[in-house]
Every structure is written in structure tokens, then in C-alpha cells.
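Undergrad: Here you go, this is final-v4.txt (compact mmCIF, C-alpha atoms).
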```txt
# COMPACT_ATOMS: atom_id res chain seq x y z
CA MET M 2 44.97 7.31 31.17
CA SER M 3 41.45 7.32 32.60
CA ILE M 4 38.81 4.74 31.79
CA ALA M 5 36.71 7.43 30.06
CA THR M 6 39.61 8.28 27.75
CA THR M 7 40.16 4.61 26.97
CA ILE M 8 36.49 4.12 26.12
CA ALA M 9 36.49 7.26 23.96
CA ASN M 10 39.60 6.06 22.12
CA LEU M 11 37.97 2.70 21.42
CA ALA M 12 34.52 4.07 20.58
CA GLY M 13 35.70 6.78 18.17
CA PRO M 14 36.77 4.48 15.32
CA VAL M 15 33.67 2.31 15.76
CA ILE M 16 31.38 5.35 15.59
CA ARG M 17 33.19 6.73 12.51
CA THR M 18 32.86 3.35 10.77
CA LEU M 19 29.14 3.15 11.55
CA GLU M 20 28.64 6.73 10.33
CA PHE M 21 30.46 5.83 7.11
CA PHE M 22 27.99 3.00 6.43
CA GLY M 23 24.91 5.06 7.44
CA PRO M 24 24.16 6.29 3.90
CA LEU M 25 24.25 2.69 2.66
CA ALA M 26 21.71 1.76 5.32
CA TYR M 27 19.33 4.51 4.15
CA LEU M 28 19.80 3.39 0.55
CA GLY M 29 19.09 -0.20 1.58
CA ILE M 30 15.90 0.83 3.38
CA ARG M 31 14.73 2.85 0.38
CA LEU M 32 15.42 0.02 -2.05
CA TRP M 33 13.83 -2.63 0.19
CA VAL M 34 10.57 -0.75 0.64
CA ALA M 35 10.47 0.50 -2.96
CA ASN M 36 10.91 -3.07 -4.20
CA VAL M 37 7.94 -4.32 -2.16
CA PHE M 38 5.55 -1.69 -3.50
CA TRP M 39 6.97 -1.81 -7.06
CA LYS M 40 6.45 -5.59 -7.33
CA SER M 41 2.89 -5.21 -6.11
CA GLY M 42 2.22 -2.48 -8.68
CA VAL M 43 3.71 -4.52 -11.52
CA ASN M 44 1.60 -7.50 -10.50
CA LYS M 45 -1.54 -5.34 -10.46
CA PHE M 46 -0.69 -3.86 -13.87
CA GLN M 47 0.04 -7.23 -15.47
CA SER M 48 -3.20 -8.76 -14.18
CA TRP M 49 -5.50 -5.79 -14.67
CA GLU M 50 -8.75 -7.77 -14.85
CA THR M 51 -7.86 -9.60 -11.64
CA THR M 52 -6.91 -6.29 -10.03
CA LYS M 53 -10.28 -4.75 -10.94
CA PHE M 54 -12.03 -7.86 -9.58
CA LEU M 55 -10.11 -7.68 -6.29
CA PHE M 56 -10.89 -3.99 -5.84
CA GLN M 57 -14.55 -4.70 -6.64
CA TYR M 58 -15.05 -7.67 -4.29
CA GLU M 59 -12.09 -8.12 -1.91
CA TYR M 60 -10.53 -4.76 -1.06
CA LYS M 61 -12.79 -2.28 0.69
CA VAL M 62 -11.18 1.07 -0.16
CA PRO M 63 -13.19 3.82 1.54
CA LEU M 64 -14.66 6.73 -0.44
CA LEU M 65 -13.54 5.56 -3.88
CA ASN M 66 -15.25 3.63 -6.60
CA PRO M 67 -13.43 0.28 -7.07
CA GLU M 68 -12.15 1.00 -10.59
CA VAL M 69 -10.76 4.41 -9.56
CA ALA M 70 -9.21 2.81 -6.48
CA ALA M 71 -7.60 0.11 -8.64
CA PHE M 72 -6.15 2.70 -11.01
CA LEU M 73 -4.89 5.00 -8.25
CA GLY M 74 -3.49 2.13 -6.20
CA THR M 75 -1.62 0.69 -9.17
CA ALA M 76 -0.32 4.11 -10.23
CA THR M 77 0.85 4.84 -6.69
CA GLU M 78 2.73 1.53 -6.55
CA LEU M 79 4.40 2.17 -9.90
CA VAL M 80 5.40 5.83 -9.51
CA PHE M 81 6.31 6.45 -5.88
CA PRO M 82 8.62 3.46 -5.37
CA VAL M 83 10.76 4.76 -8.25
CA LEU M 84 10.96 8.19 -6.63
CA LEU M 85 11.78 6.59 -3.29
CA ALA M 86 14.46 4.32 -4.77
CA ILE M 87 16.36 7.18 -6.40
CA GLY M 88 15.66 9.52 -3.51
CA PHE M 89 13.94 12.21 -5.55
CA GLY M 90 11.26 13.84 -3.45
CA GLY M 91 12.25 11.14 -0.98
CA ARG M 92 10.32 12.40 2.03
CA PHE M 93 7.22 13.10 -0.07
CA ALA M 94 7.38 9.64 -1.68
CA ALA M 95 7.79 8.08 1.77
CA VAL M 96 4.74 9.98 3.09
CA VAL M 97 2.62 8.89 0.12
CA LEU M 98 3.65 5.25 0.53
CA PHE M 99 3.17 5.45 4.30
CA VAL M 100 -0.43 6.63 3.84
CA PHE M 101 -0.95 4.10 1.05
CA ASN M 102 0.33 1.37 3.38
CA ILE M 103 -2.22 2.35 6.04
CA ILE M 104 -5.03 2.40 3.48
CA ALA M 105 -3.97 -1.06 2.27
CA VAL M 106 -4.24 -2.50 5.78
CA ILE M 107 -7.61 -0.83 6.40
CA SER M 108 -8.97 -1.88 3.01
CA TYR M 109 -8.10 -5.54 3.30
CA PRO M 110 -9.98 -6.96 6.27
CA SER M 111 -8.80 -10.52 5.54
CA LEU M 112 -5.13 -9.62 6.07
CA ASN M 113 -3.58 -12.15 8.45
CA GLU M 114 -1.28 -11.35 11.37
CA ALA M 115 1.90 -11.99 9.36
CA GLY M 116 0.65 -9.58 6.69
CA VAL M 117 -0.11 -6.93 9.29
CA GLN M 118 3.40 -7.34 10.71
CA GLN M 119 4.92 -6.87 7.26
CA HIS M 120 2.93 -3.69 6.77
CA GLN M 121 4.03 -2.48 10.20
CA LEU M 122 7.67 -3.05 9.27
CA TRP M 123 7.26 -1.19 5.98
CA GLY M 124 5.46 1.61 7.80
CA LEU M 125 8.29 1.89 10.32
CA MET M 126 10.89 2.00 7.54
CA LEU M 127 8.89 4.64 5.68
CA MET M 128 8.46 6.72 8.83
CA LEU M 129 12.24 6.63 9.32
CA LEU M 130 12.65 8.06 5.81
CA VAL M 131 9.97 10.68 6.44
CA CYS M 132 11.69 11.85 9.62
CA TYR M 133 15.33 11.69 8.52
CA GLY M 134 15.13 11.96 4.74
CA PRO M 135 16.49 9.64 2.05
CA GLY M 136 20.14 10.02 3.06
CA LYS M 137 23.32 11.11 1.30
CA LEU M 138 23.02 8.60 -1.55
CA SER M 139 19.97 10.28 -3.07
CA VAL M 140 19.02 12.76 -5.74
CA ASP M 141 17.60 15.00 -3.00
CA HIS M 142 21.00 15.20 -1.29
CA PHE M 143 22.73 16.00 -4.59
CA ILE M 144 20.22 18.76 -5.37
CA ARG M 145 20.48 20.20 -1.88
CA ARG M 146 24.28 20.28 -2.00
CA ARG M 147 24.49 21.53 -5.57
CA TYR M 148 21.73 24.11 -5.73
CA LEU M 149 20.52 24.98 -2.24
CA ALA M 150 23.73 25.10 -0.23
CA GLY M 151 25.78 27.17 -2.64
CA GLY M 152 27.61 24.15 -4.05
CA SER M 153 29.34 23.21 -0.81
```
Please render this file's structure as C-alpha cells.
TA:
Amino acid sequence: MSIATTIANLAGPVIRTLEFFGPLAYLGIRLWVANVFWKSGVNKFQSWETTKFLFQYEYKVPLLNPEVAAFLGTATELVFPVLLAIGFGGRFAAVVLFVFNIIAVISYPSLNEAGVQQHQLWGLMLMLLVCYGPGKLSVDHFIRRRYLAGGS
């Protein structure tokens, strides 16, 4: 038996095991990122007067009036994390949150280095979902299998 065959025999089960857990990893990424944005949206909604104040004096959202920015930002953080978590319109939700994440960093000049690093991590996770989709444990996958691939 050659060394290549031995390596292939050892690697095969490891690769199959990792592939088995892949969908759970995508689900975990979706839930992690969705949770971050959802909590922020709930906080904004619960403290609406504070949210309006922050958008008026702290956040510098370009091109939008502060009250409109507060409303749109809160709505984005309440709607799109839900879509991302269940994987419905998963790539679209990830794109929206990716752009929102960039706007958040640009609009908050006082963000410290740790905050920037968190946003970079979320952006990387979102970009992974944009490129590869929400995975097999998603509504998108169910719809694709059921209605677009002839039920296979």
C-alpha cells in the first residue's frame, strides 16, 4: 500500500465528517450574526427617544435626515436578521446587512479599534454567506430543492 493510498484512506472519513457538520457551521454563522444585529435593533426600538438623539448628534449617516436614518436603521436591524436566521432570501439579507455594517462603521467616527474589529468579523461572516449562500439548513435550500430542482 502506497503512502498516498494510506493518506487517502485516513483523510476520507475526516473529510466526510467535516462535510456532515458544514451545514451546522453555516447555521451557526447565520444565527451569530443575526443575533448581533437583532439585539441592536431591539435596543434601538425600546429606547426610541435615545435612538433619535444618537442619530441626531452622534451617528453621522450620510445623505439621510437623522429621523429617517433612525427609522431605517432600526427597521433593517429588526427585519433582515430574522430573514438571515431562517435563511429566507439568505444571500439578499446578508448583502443588506453587509452594506448596513459598512454604513454603521462610516457613520460612527468614535468607534474604537475593538468595535471596528467586531464589525470586520461580522462583515467577513456576512460575505461568506453572500458568496456561498445560507447552507442546507435554510428555507432557501428547502425551496430550491422542493420547487426549483423538480423535488429532488
Undergrad: What's around Phe101 of chain M at 9 Å? Count all atoms listed in the file, leave out sequence neighbours fewer than 6 positions away in its own chain, and write the answer as a list in words.
TA: Gly74, Thr77 and Glu78 of chain M
Undergrad: Emit the selected residues as a PDB file, keeping the file's coordinate frame, including C-alpha atoms.
TA:
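Saved result, part-v8.pdb, follows:
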```pdb
ATOM      1  CA  GLY M  74      -3.490   2.130  -6.200  1.00  0.00           C
ATOM      2  CA  THR M  77       0.850   4.840  -6.690  1.00  0.00           C
ATOM      3  CA  GLU M  78       2.730   1.530  -6.550  1.00  0.00           C
TER       4      GLU M  78
END
```
Undergrad: For Leu125 of chain M, work out the shell of residues within 12 Å, counting only C-alpha atoms and skipping chain neighbours fewer than 2 positions away, then give it as a PyMOL selection string.
TA: chain M and resi 30-31+34+95-96+98-100+102-103+118-123+127-132
Undergrad: What lies within 12 Å of segment 14-21 of chain M using only C-alpha atoms, ignoring chain neighbours under 5 positions off, as a list in words?
TA: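 Here the qualifying residues turn out to be Ile8, Ala9, Ala26, Tyr27, Gly136, Lys137 and Leu138 of chain M.
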Undergrad: With distances taken over only C-alpha atoms, which residue among M:Leu55, M:Met126, M:Ile104, M:Leu25 lies nearest Pro67 of chain M?
TA: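 The answer is M:Leu55, which sits nearest to Pro67 of chain M.
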Undergrad: Compare M:Leu149, M:Leu112, M:Leu79, M:Val117 by their minimum atom-to-atom distance to Phe38 of chain M, counting all atoms listed in the file, and give me the closest one.
TA: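 Ranked by minimum distance to Phe38 of chain M, first place goes to M:Leu79.
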Undergrad: Would you work out the distance separating atom CA of Leu64 of chain M from atom CA of Glu50 of chain M, expressed in Å to one decimal?
TA: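 Answer for the atom CA of Leu64 of chain M to atom CA of Glu50 of chain M separation: 21.3 Å.
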Undergrad: Give me, please, the distance in Å between atom CA of Tyr133 of chain M and atom CA of Val80 of chain M, quoted to one decimal.
TA: 21.4 Å
Undergrad: Give the answer as one residue: which of M:Pro24, M:Gly124, M:Gly42, M:Pro63 has the shortest atom-to-atom distance to Thr75 of chain M, using all atoms listed in the file?
TA: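 Answer, going by the shortest atom-to-atom distance: M:Gly42.
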Undergrad: Find the spatial neighbours of Val62 of chain M, counting only C-alpha atoms, within a cut-off of 8 Å - ignore same-chain residues fewer than 5 positions away - and output them as a PyMOL selection string.
TA: chain M and resi 56+67+70+104-105+107-108
Undergrad: May I have the residues within 10 Å of Leu28 of chain M as a PyMOL selection string, using only C-alpha atoms and disregarding those fewer than 5 positions away in the same chain?
TA: chain M and resi 23+33+85-88+135-139
Undergrad: Go ahead and save the picked residues with C-alpha atoms, as a PDB file, in the frame of the given file.
TA:
```pdb
ATOM      1  CA  GLY M  23      24.910   5.060   7.440  1.00  0.00           C
ATOM      2  CA  TRP M  33      13.830  -2.630   0.190  1.00  0.00           C
ATOM      3  CA  LEU M  85      11.780   6.590  -3.290  1.00  0.00           C
ATOM      4  CA  ALA M  86      14.460   4.320  -4.770  1.00  0.00           C
ATOM      5  CA  ILE M  87      16.360   7.180  -6.400  1.00  0.00           C
ATOM      6  CA  GLY M  88      15.660   9.520  -3.510  1.00  0.00           C
ATOM      7  CA  PRO M 135      16.490   9.640   2.050  1.00  0.00           C
ATOM      8  CA  GLY M 136      20.140  10.020   3.060  1.00  0.00           C
ATOM      9  CA  LYS M 137      23.320  11.110   1.300  1.00  0.00           C
ATOM     10  CA  LEU M 138      23.020   8.600  -1.550  1.00  0.00           C
ATOM     11  CA  SER M 139      19.970  10.280  -3.070  1.00  0.00           C
TER      12      SER M 139
END
```
Undergrad: Give me, please, the distance in Å between atom CA of Ala71 of chain M and atom CA of Tyr109 of chain M, quoted to one decimal.
TA: 13.2 Å
Undergrad: Using all atoms listed in the file, can you tell me which of M:Lys53, M:Phe46, M:Phe81, M:Gly29 comes closest to Val97 of chain M?
TA: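 Residue with the minimum atom-to-atom distance to Val97 of chain M: M:Phe81.
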